[in-house]
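I have placed the structure first, in the form of structure tokens, so that the comments after it can refer back to it.
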Amino acid sequence: MATASITKKRAAKNTKVSHPSRPLKGGKATLKLVPSPGRFGPWGGRYVPETLMAALEELEREYERAKKDPRFKARLSELLKNFAGRPTPLFFARRLSEKLGGPKIYLKREDLLHTGAHKINNCIGQALLVERMGKHRVVAETGAGQHGVATATVCALLGFECVVYMGTEDMRRQELNVFRMRLLGAEVRGVDSGSRTLKDAINEAMRDWVTNVRTTHYLLGSVLGAHPYPTMVRDFHKVIGREARAQILKAEGKLPTTVIACVGGGSNAIGVFYEFIRDKKVKLVGVEAGGRSEKLGDHAARFRGGSPGVLQGTYSYVLQDEAGQIAFTHSVSAGLDYPSIGPEHAWLADSGRAEYVAASDAEALDACKLLAQTEGITPALESAHAVAELIKRAPSMKKSEVVIVNISGRGDKDIGILRENLKLG
Ligand SMILES: *Cc1c(COP(=O)(O)O)cnc(C)c1O
């Protein structure tokens, strides 16, 4: 099944691979931006049941066409501008730069977008594809509810039926987002199996998609899943880096030394990284959730404790036990709490083009407070992981250097957790 983690050998033998000529091999590789669609070096691909192949091929075809269609492009940029609020500012954090005593720090303000995070970029893009394909029903899964809310939002905007699968345990923890989705007209279906969390919701959403594939689109929320999702979702987020690159050139007359972003599935990170990949001198740093300890089950740092495997239709680093069962993960930020990582990040890590580190729950909480009190910006706890890495490396950087930190979302949704964890005044 698409959602089971299986070993490399079984993956190669038992599942349909879209580009079987590419070797399934991890480890060191040299950076070449390979043209093979759906594969990033050995990573990515398409590990799904036969019944989904037609839908994935249809989506790929439609996306390839839409990409070249001036009307699609115009509609997309119109909605990004007037509905989502693009372009987002690149803000010079003067007080934080002074305080950390190193480089000039700029913040890419994805937190200012409609619905509070970068996720809307991708949801708008996919919703326009749903329209093109003549479908009228959307399914999605959500953990903390952020992707569910963004999906419900675009479905309301374009008049689609929307069903969001959510573990009942997650529904209990995220009551407010459940209500928000319902207010937007979505149906939230509780999933009562397994651990009653995200991975169980993924299974149910996939099952729904297989059953209703003719009318229904599966709106995936990050650079995960079978081809074409990782490529397509990345393309819908490339606008972050495209804007940031032009904005920093205008403000500083040069490229940044370093770009830092948090990595859950990896969509905001690849979005801000992508336009800088060819600028070899720009350091790209992804920050995973270090959680409460380095023990398996206590974090979501796939590059620290993960190994090659298949989850949700794609081949990447997965946190799993020796039998290939998905491990439990933990992070104070729900958006980073996922056992696998987008396949393009696996490739950027292997090739050495990007570096991946982790920040702990405690470091993220402290970073959140520091940014709030130094700049008047309360970041989402996910984004606070990127700020935590900045705090670690800034003091040893030169004053002439320039850093961009992607603030993927705002902290309003995390106020409850912040209040439980931070002692103030
Ligand atoms: C969902 C979310 C993330 C994690 O998702 P990516 O695909 O890794 O970007 C990060 N930040 C915020 C604010 C989110 O809502």
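FYI, nothing fancy with the structure tokens labels: chains A, B, ... in order, residues from 1 per chain, ligands from 1 as they appear.
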7 Å from ligand 1 is the threshold here; counting only C-alpha atoms and all ligand atoms, which polymer residues fall inside it? Answer as a PyMOL selection string.
chain A and resi 117-119+146-147+221-223+262-269+335-336+380+382-383+408-410
Could you write out that same residue set with N, CA and C atoms as an mmCIF file, in the first residue's frame?
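Dumped to part_29.cif:
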```
data_model
loop_
_atom_site.group_PDB
_atom_site.id
_atom_site.type_symbol
_atom_site.label_atom_id
_atom_site.label_comp_id
_atom_site.auth_asym_id
_atom_site.auth_seq_id
_atom_site.Cartn_x
_atom_site.Cartn_y
_atom_site.Cartn_z
ATOM 1 N N ALA A 117 -0.248 31.434 6.811
ATOM 2 C CA ALA A 117 0.976 30.693 6.484
ATOM 3 C C ALA A 117 1.111 30.525 4.973
ATOM 4 N N HIS A 118 2.275 29.987 4.578
ATOM 5 C CA HIS A 118 2.568 29.777 3.165
ATOM 6 C C HIS A 118 1.648 28.778 2.491
ATOM 7 N N LYS A 119 0.999 27.894 3.277
ATOM 8 C CA LYS A 119 0.229 26.789 2.693
ATOM 9 C C LYS A 119 -0.768 27.225 1.621
ATOM 10 N N GLN A 146 -4.069 22.940 10.085
ATOM 11 C CA GLN A 146 -3.657 24.089 9.273
ATOM 12 C C GLN A 146 -3.897 23.839 7.782
ATOM 13 N N HIS A 147 -3.476 22.659 7.309
ATOM 14 C CA HIS A 147 -3.694 22.353 5.900
ATOM 15 C C HIS A 147 -5.186 22.180 5.616
ATOM 16 N N GLY A 221 -0.753 18.568 0.956
ATOM 17 C CA GLY A 221 -0.354 19.830 1.557
ATOM 18 C C GLY A 221 1.124 20.138 1.627
ATOM 19 N N SER A 222 1.983 19.210 1.168
ATOM 20 C CA SER A 222 3.413 19.522 1.206
ATOM 21 C C SER A 222 4.100 18.822 0.034
ATOM 22 N N VAL A 223 5.434 18.939 -0.029
ATOM 23 C CA VAL A 223 6.164 18.360 -1.159
ATOM 24 C C VAL A 223 6.394 16.866 -0.927
ATOM 25 N N CYS A 262 12.430 26.247 8.159
ATOM 26 C CA CYS A 262 12.069 25.022 8.865
ATOM 27 C C CYS A 262 11.584 23.982 7.849
ATOM 28 N N VAL A 263 11.697 22.704 8.232
ATOM 29 C CA VAL A 263 11.320 21.624 7.315
ATOM 30 C C VAL A 263 10.408 20.602 7.993
ATOM 31 N N GLY A 264 9.129 20.637 7.596
ATOM 32 C CA GLY A 264 8.204 19.577 7.982
ATOM 33 C C GLY A 264 8.209 18.600 6.815
ATOM 34 N N GLY A 265 7.213 18.692 5.949
ATOM 35 C CA GLY A 265 7.284 17.980 4.676
ATOM 36 C C GLY A 265 8.324 18.627 3.781
ATOM 37 N N GLY A 266 8.480 19.933 3.959
ATOM 38 C CA GLY A 266 9.536 20.641 3.238
ATOM 39 C C GLY A 266 9.072 21.661 2.217
ATOM 40 N N SER A 267 7.781 22.053 2.248
ATOM 41 C CA SER A 267 7.300 22.924 1.167
ATOM 42 C C SER A 267 7.732 24.382 1.304
ATOM 43 N N ASN A 268 7.698 24.937 2.522
ATOM 44 C CA ASN A 268 8.131 26.338 2.630
ATOM 45 C C ASN A 268 9.637 26.435 2.393
ATOM 46 N N ALA A 269 10.377 25.391 2.834
ATOM 47 C CA ALA A 269 11.833 25.404 2.663
ATOM 48 C C ALA A 269 12.210 25.312 1.187
ATOM 49 N N GLY A 335 3.137 21.207 12.679
ATOM 50 C CA GLY A 335 3.467 21.234 11.253
ATOM 51 C C GLY A 335 4.785 20.550 10.907
ATOM 52 N N LEU A 336 5.642 20.346 11.887
ATOM 53 C CA LEU A 336 6.922 19.677 11.625
ATOM 54 C C LEU A 336 6.890 18.214 12.058
ATOM 55 N N ALA A 380 4.991 31.379 13.933
ATOM 56 C CA ALA A 380 4.475 30.045 14.224
ATOM 57 C C ALA A 380 5.600 29.242 14.864
ATOM 58 N N GLU A 382 6.560 26.383 14.138
ATOM 59 C CA GLU A 382 7.347 25.768 13.060
ATOM 60 C C GLU A 382 8.463 26.729 12.649
ATOM 61 N N SER A 383 8.060 27.946 12.280
ATOM 62 C CA SER A 383 9.027 28.945 11.815
ATOM 63 C C SER A 383 10.059 29.267 12.901
ATOM 64 N N SER A 408 7.523 31.100 7.965
ATOM 65 C CA SER A 408 6.500 30.389 7.184
ATOM 66 C C SER A 408 5.075 30.685 7.644
ATOM 67 N N GLY A 409 4.906 31.059 8.931
ATOM 68 C CA GLY A 409 3.552 31.323 9.403
ATOM 69 C C GLY A 409 3.543 32.137 10.682
ATOM 70 N N ARG A 410 2.352 32.575 11.062
ATOM 71 C CA ARG A 410 2.231 33.393 12.275
ATOM 72 C C ARG A 410 1.857 32.546 13.488
#
```
Identify, on the basis of only C-alpha atoms, every residue whose closest approach to region 287-299 of chain A does not exceed 7 Å; exclude the query and any residue fewer than 4 positions from it along the same chain; express the result as a ChimeraX atom specification.
/A:261-264,305,327-332,336,356-361,385-386
A:Gln312, A:Thr231, A:Ser333, A:Thr153 ranked by distance to His345 (chain A), top pick (using only C-alpha atoms)
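Of A:Gln312, A:Thr231, A:Ser333, A:Thr153, the one nearest His345 (chain A) is A:Thr231, counting only C-alpha atoms.
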Region 169-173 of chain A surroundings by only C-alpha atoms, 12 Å radius, close-in-sequence under 3 positions cut, as a ChimeraX atom specification
/A:141-146,148,164-166,176-181,188-201,334,416-417
To one decimal place in Å, what is the distance between CA of Gly306 (chain A) and CA of Gln320 (chain A)?
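About the pair CA of Gly306 (chain A) and CA of Gln320 (chain A): they are 6.7 Å apart.
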Kindly give the distance, in Å, that separates CA of Val282 (chain A) and CA of Gly342 (chain A), rounded to a single decimal.
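A separation of 20.9 Å between them.
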Contact residues around Val259 (chain A) with only C-alpha atoms at 7 Å, ignoring same-chain residues under 4 positions, as an MDAnalysis selection string
chainID A and resid 283:285 403:405
Using only N, CA, C and O atoms, please write the residues we just selected to a file, as a short mmCIF file (atom, residue, chain, number, x, y, z; two decimals), in the first residue's frame.
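That gives us again-v3.cif:
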```
data_model
loop_
_atom_site.label_atom_id
_atom_site.label_comp_id
_atom_site.auth_asym_id
_atom_site.auth_seq_id
_atom_site.Cartn_x
_atom_site.Cartn_y
_atom_site.Cartn_z
N LYS A 283 24.37 29.59 1.10
CA LYS A 283 24.15 28.41 1.95
C LYS A 283 22.67 28.21 2.18
O LYS A 283 21.97 29.17 2.54
N LEU A 284 22.19 26.99 2.01
CA LEU A 284 20.79 26.68 2.27
C LEU A 284 20.72 25.78 3.50
O LEU A 284 21.38 24.74 3.56
N VAL A 285 19.95 26.20 4.49
CA VAL A 285 19.89 25.46 5.75
C VAL A 285 18.44 25.12 6.11
O VAL A 285 17.60 26.00 6.27
N VAL A 403 21.56 37.28 6.02
CA VAL A 403 20.79 36.05 6.18
C VAL A 403 19.31 36.32 5.90
O VAL A 403 18.78 37.34 6.32
N ILE A 404 18.68 35.40 5.20
CA ILE A 404 17.22 35.45 5.06
C ILE A 404 16.63 34.27 5.84
O ILE A 404 17.05 33.13 5.65
N VAL A 405 15.69 34.57 6.73
CA VAL A 405 14.97 33.51 7.44
C VAL A 405 13.53 33.51 6.95
O VAL A 405 12.87 34.57 6.93
#
```
Between CA of Tyr218 (chain A) and CA of Thr151 (chain A), what distance in Å does the model show, to one decimal?
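We find that CA of Tyr218 (chain A) and CA of Thr151 (chain A) lie 10.4 Å from each other.
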List every residue of region 128-270 of chain A that DSSP, applied to the backbone, labels as strand (DSSP E or B), and write the result as a PDB file with N, CA and C atoms, in the first residue's frame.
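Wrote out-v4.pdb, looks like this:
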```pdb
ATOM      1  N   ARG A 137     -14.929  17.898  -6.333  1.00  0.00           N
ATOM      2  CA  ARG A 137     -14.836  17.426  -4.943  1.00  0.00           C
ATOM      3  C   ARG A 137     -13.360  17.298  -4.568  1.00  0.00           C
ATOM      4  N   VAL A 138     -13.037  17.757  -3.361  1.00  0.00           N
ATOM      5  CA  VAL A 138     -11.650  17.742  -2.898  1.00  0.00           C
ATOM      6  C   VAL A 138     -11.573  16.981  -1.577  1.00  0.00           C
ATOM      7  N   VAL A 139     -10.587  16.081  -1.469  1.00  0.00           N
ATOM      8  CA  VAL A 139     -10.314  15.476  -0.162  1.00  0.00           C
ATOM      9  C   VAL A 139      -8.910  15.860   0.283  1.00  0.00           C
ATOM     10  N   ALA A 140      -8.746  15.942   1.585  1.00  0.00           N
ATOM     11  CA  ALA A 140      -7.434  16.253   2.146  1.00  0.00           C
ATOM     12  C   ALA A 140      -7.364  15.605   3.512  1.00  0.00           C
ATOM     13  N   GLU A 141      -6.140  15.496   4.028  1.00  0.00           N
ATOM     14  CA  GLU A 141      -6.004  15.063   5.407  1.00  0.00           C
ATOM     15  C   GLU A 141      -5.284  16.178   6.155  1.00  0.00           C
ATOM     16  N   GLU A 161     -16.967  20.900  -3.203  1.00  0.00           N
ATOM     17  CA  GLU A 161     -17.269  20.103  -2.019  1.00  0.00           C
ATOM     18  C   GLU A 161     -15.920  19.728  -1.382  1.00  0.00           C
ATOM     19  N   CYS A 162     -15.841  19.790  -0.062  1.00  0.00           N
ATOM     20  CA  CYS A 162     -14.553  19.564   0.601  1.00  0.00           C
ATOM     21  C   CYS A 162     -14.708  18.611   1.778  1.00  0.00           C
ATOM     22  N   VAL A 163     -13.941  17.515   1.756  1.00  0.00           N
ATOM     23  CA  VAL A 163     -13.952  16.569   2.870  1.00  0.00           C
ATOM     24  C   VAL A 163     -12.546  16.478   3.444  1.00  0.00           C
ATOM     25  N   VAL A 164     -12.429  16.769   4.738  1.00  0.00           N
ATOM     26  CA  VAL A 164     -11.117  16.726   5.380  1.00  0.00           C
ATOM     27  C   VAL A 164     -11.093  15.590   6.397  1.00  0.00           C
ATOM     28  N   TYR A 165     -10.142  14.673   6.244  1.00  0.00           N
ATOM     29  CA  TYR A 165      -9.975  13.572   7.186  1.00  0.00           C
ATOM     30  C   TYR A 165      -9.018  13.984   8.294  1.00  0.00           C
ATOM     31  N   MET A 166      -9.411  13.649   9.505  1.00  0.00           N
ATOM     32  CA  MET A 166      -8.605  14.058  10.655  1.00  0.00           C
ATOM     33  C   MET A 166      -8.749  13.001  11.749  1.00  0.00           C
ATOM     34  N   GLY A 167      -7.634  12.597  12.350  1.00  0.00           N
ATOM     35  CA  GLY A 167      -7.696  11.645  13.456  1.00  0.00           C
ATOM     36  C   GLY A 167      -8.529  12.222  14.590  1.00  0.00           C
ATOM     37  N   GLU A 187     -16.622  19.394   5.269  1.00  0.00           N
ATOM     38  CA  GLU A 187     -17.027  18.311   6.145  1.00  0.00           C
ATOM     39  C   GLU A 187     -15.757  17.726   6.761  1.00  0.00           C
ATOM     40  N   VAL A 188     -15.718  17.645   8.085  1.00  0.00           N
ATOM     41  CA  VAL A 188     -14.555  17.058   8.752  1.00  0.00           C
ATOM     42  C   VAL A 188     -14.934  15.643   9.179  1.00  0.00           C
ATOM     43  N   ARG A 189     -14.218  14.649   8.642  1.00  0.00           N
ATOM     44  CA  ARG A 189     -14.513  13.260   9.000  1.00  0.00           C
ATOM     45  C   ARG A 189     -13.469  12.737   9.968  1.00  0.00           C
ATOM     46  N   GLY A 190     -13.924  12.363  11.143  1.00  0.00           N
ATOM     47  CA  GLY A 190     -13.030  11.845  12.174  1.00  0.00           C
ATOM     48  C   GLY A 190     -12.563  10.433  11.827  1.00  0.00           C
ATOM     49  N   VAL A 191     -11.293  10.140  12.051  1.00  0.00           N
ATOM     50  CA  VAL A 191     -10.735   8.817  11.794  1.00  0.00           C
ATOM     51  C   VAL A 191     -10.375   8.189  13.132  1.00  0.00           C
ATOM     52  N   THR A 216     -13.009  13.401  -7.839  1.00  0.00           N
ATOM     53  CA  THR A 216     -12.337  13.917  -6.647  1.00  0.00           C
ATOM     54  C   THR A 216     -10.844  14.148  -6.856  1.00  0.00           C
ATOM     55  N   HIS A 217     -10.360  15.253  -6.309  1.00  0.00           N
ATOM     56  CA  HIS A 217      -8.923  15.529  -6.298  1.00  0.00           C
ATOM     57  C   HIS A 217      -8.409  15.418  -4.870  1.00  0.00           C
ATOM     58  N   TYR A 218      -7.209  14.847  -4.741  1.00  0.00           N
ATOM     59  CA  TYR A 218      -6.566  14.729  -3.438  1.00  0.00           C
ATOM     60  C   TYR A 218      -5.622  15.920  -3.303  1.00  0.00           C
ATOM     61  N   THR A 258      23.257  33.221   3.476  1.00  0.00           N
ATOM     62  CA  THR A 258      22.569  32.045   4.001  1.00  0.00           C
ATOM     63  C   THR A 258      21.057  32.233   3.944  1.00  0.00           C
ATOM     64  N   VAL A 259      20.347  31.156   3.616  1.00  0.00           N
ATOM     65  CA  VAL A 259      18.881  31.153   3.684  1.00  0.00           C
ATOM     66  C   VAL A 259      18.478  30.021   4.636  1.00  0.00           C
ATOM     67  N   ILE A 260      17.636  30.339   5.606  1.00  0.00           N
ATOM     68  CA  ILE A 260      17.240  29.342   6.617  1.00  0.00           C
ATOM     69  C   ILE A 260      15.724  29.162   6.614  1.00  0.00           C
ATOM     70  N   ALA A 261      15.278  27.902   6.657  1.00  0.00           N
ATOM     71  CA  ALA A 261      13.842  27.626   6.734  1.00  0.00           C
ATOM     72  C   ALA A 261      13.595  26.357   7.528  1.00  0.00           C
ATOM     73  N   CYS A 262      12.430  26.247   8.159  1.00  0.00           N
ATOM     74  CA  CYS A 262      12.069  25.022   8.865  1.00  0.00           C
ATOM     75  C   CYS A 262      11.584  23.982   7.849  1.00  0.00           C
TER      76      CYS A 262
END
```
Can you check which residues of region 122-330 of chain A DSSP gives as alpha helix (DSSP H) on the backbone and send them as a PyMOL selection string?
chain A and resi 122-132+146-158+168-173+175-183+198-211+229-252+267-273+302-305
Kindly indicate which residue among A:Ala394, A:Ile407, A:Ala384, A:Leu76 lies nearest to Pro89 (chain A), using only C-alpha atoms for the distances.
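Using only C-alpha atoms, Pro89 (chain A) sits closest to A:Ile407.
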When you count only C-alpha atoms, which of these residues is closest to Ser316 (chain A): A:Leu390, A:Leu249, A:Ala244, A:Leu224?
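For Ser316 (chain A), the nearest of the candidates is A:Leu224.
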Which residues come within 12 Å of Ile391 (chain A), counting only C-alpha atoms, excluding same-chain residues fewer than 2 positions away, as an NGL selection string?
:A and (96-103 or 105 or 260 or 359 or 363-364 or 366-368 or 370-371 or 384-389 or 393-397 or 403 or 405)
Requested write-out: C-alpha atoms of the selected residues, as an mmCIF file, in the first residue's frame:
```cif
data_model
loop_
_atom_site.group_PDB
_atom_site.id
_atom_site.type_symbol
_atom_site.label_atom_id
_atom_site.label_comp_id
_atom_site.auth_asym_id
_atom_site.auth_seq_id
_atom_site.Cartn_x
_atom_site.Cartn_y
_atom_site.Cartn_z
ATOM 1 C CA LEU A 96 17.435 41.316 16.104
ATOM 2 C CA SER A 97 20.514 41.896 13.898
ATOM 3 C CA GLU A 98 21.985 44.196 16.546
ATOM 4 C CA LYS A 99 21.133 41.851 19.375
ATOM 5 C CA LEU A 100 22.697 38.756 17.803
ATOM 6 C CA GLY A 101 25.731 40.794 16.780
ATOM 7 C CA GLY A 102 26.436 39.088 13.471
ATOM 8 C CA PRO A 103 24.944 39.381 9.991
ATOM 9 C CA ILE A 105 18.958 39.564 9.174
ATOM 10 C CA ILE A 260 17.240 29.342 6.617
ATOM 11 C CA ALA A 359 16.242 22.607 16.793
ATOM 12 C CA GLU A 363 15.020 26.176 21.522
ATOM 13 C CA ALA A 364 12.011 26.882 19.302
ATOM 14 C CA ASP A 366 12.800 30.521 23.268
ATOM 15 C CA ALA A 367 13.280 31.709 19.688
ATOM 16 C CA CYS A 368 9.579 32.475 19.422
ATOM 17 C CA LEU A 370 12.908 36.415 21.360
ATOM 18 C CA LEU A 371 11.469 37.319 17.954
ATOM 19 C CA ALA A 384 10.557 29.470 15.268
ATOM 20 C CA HIS A 385 12.762 26.413 14.558
ATOM 21 C CA ALA A 386 14.394 28.396 11.738
ATOM 22 C CA VAL A 387 14.826 31.381 14.048
ATOM 23 C CA ALA A 388 16.444 29.054 16.636
ATOM 24 C CA GLU A 389 19.083 28.009 14.085
ATOM 25 C CA ARG A 393 24.851 30.629 13.970
ATOM 26 C CA ALA A 394 24.531 34.428 13.811
ATOM 27 C CA PRO A 395 27.113 35.280 16.523
ATOM 28 C CA SER A 396 29.898 33.548 14.558
ATOM 29 C CA MET A 397 29.003 35.221 11.263
ATOM 30 C CA VAL A 403 20.788 36.047 6.184
ATOM 31 C CA VAL A 405 14.972 33.511 7.445
#
```
Distance criterion (only C-alpha atoms): nearest to Glu110 (chain A) out of A:Glu322, A:Glu243, A:Asp350, A:Glu401:
A:Glu243
Find the residue from A:Ile124, A:Met53, A:Thr314, A:Pro37 that sits nearest to Ala226 (chain A); use only C-alpha atoms when measuring.
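Among the listed residues, A:Thr314 lies closest to Ala226 (chain A).
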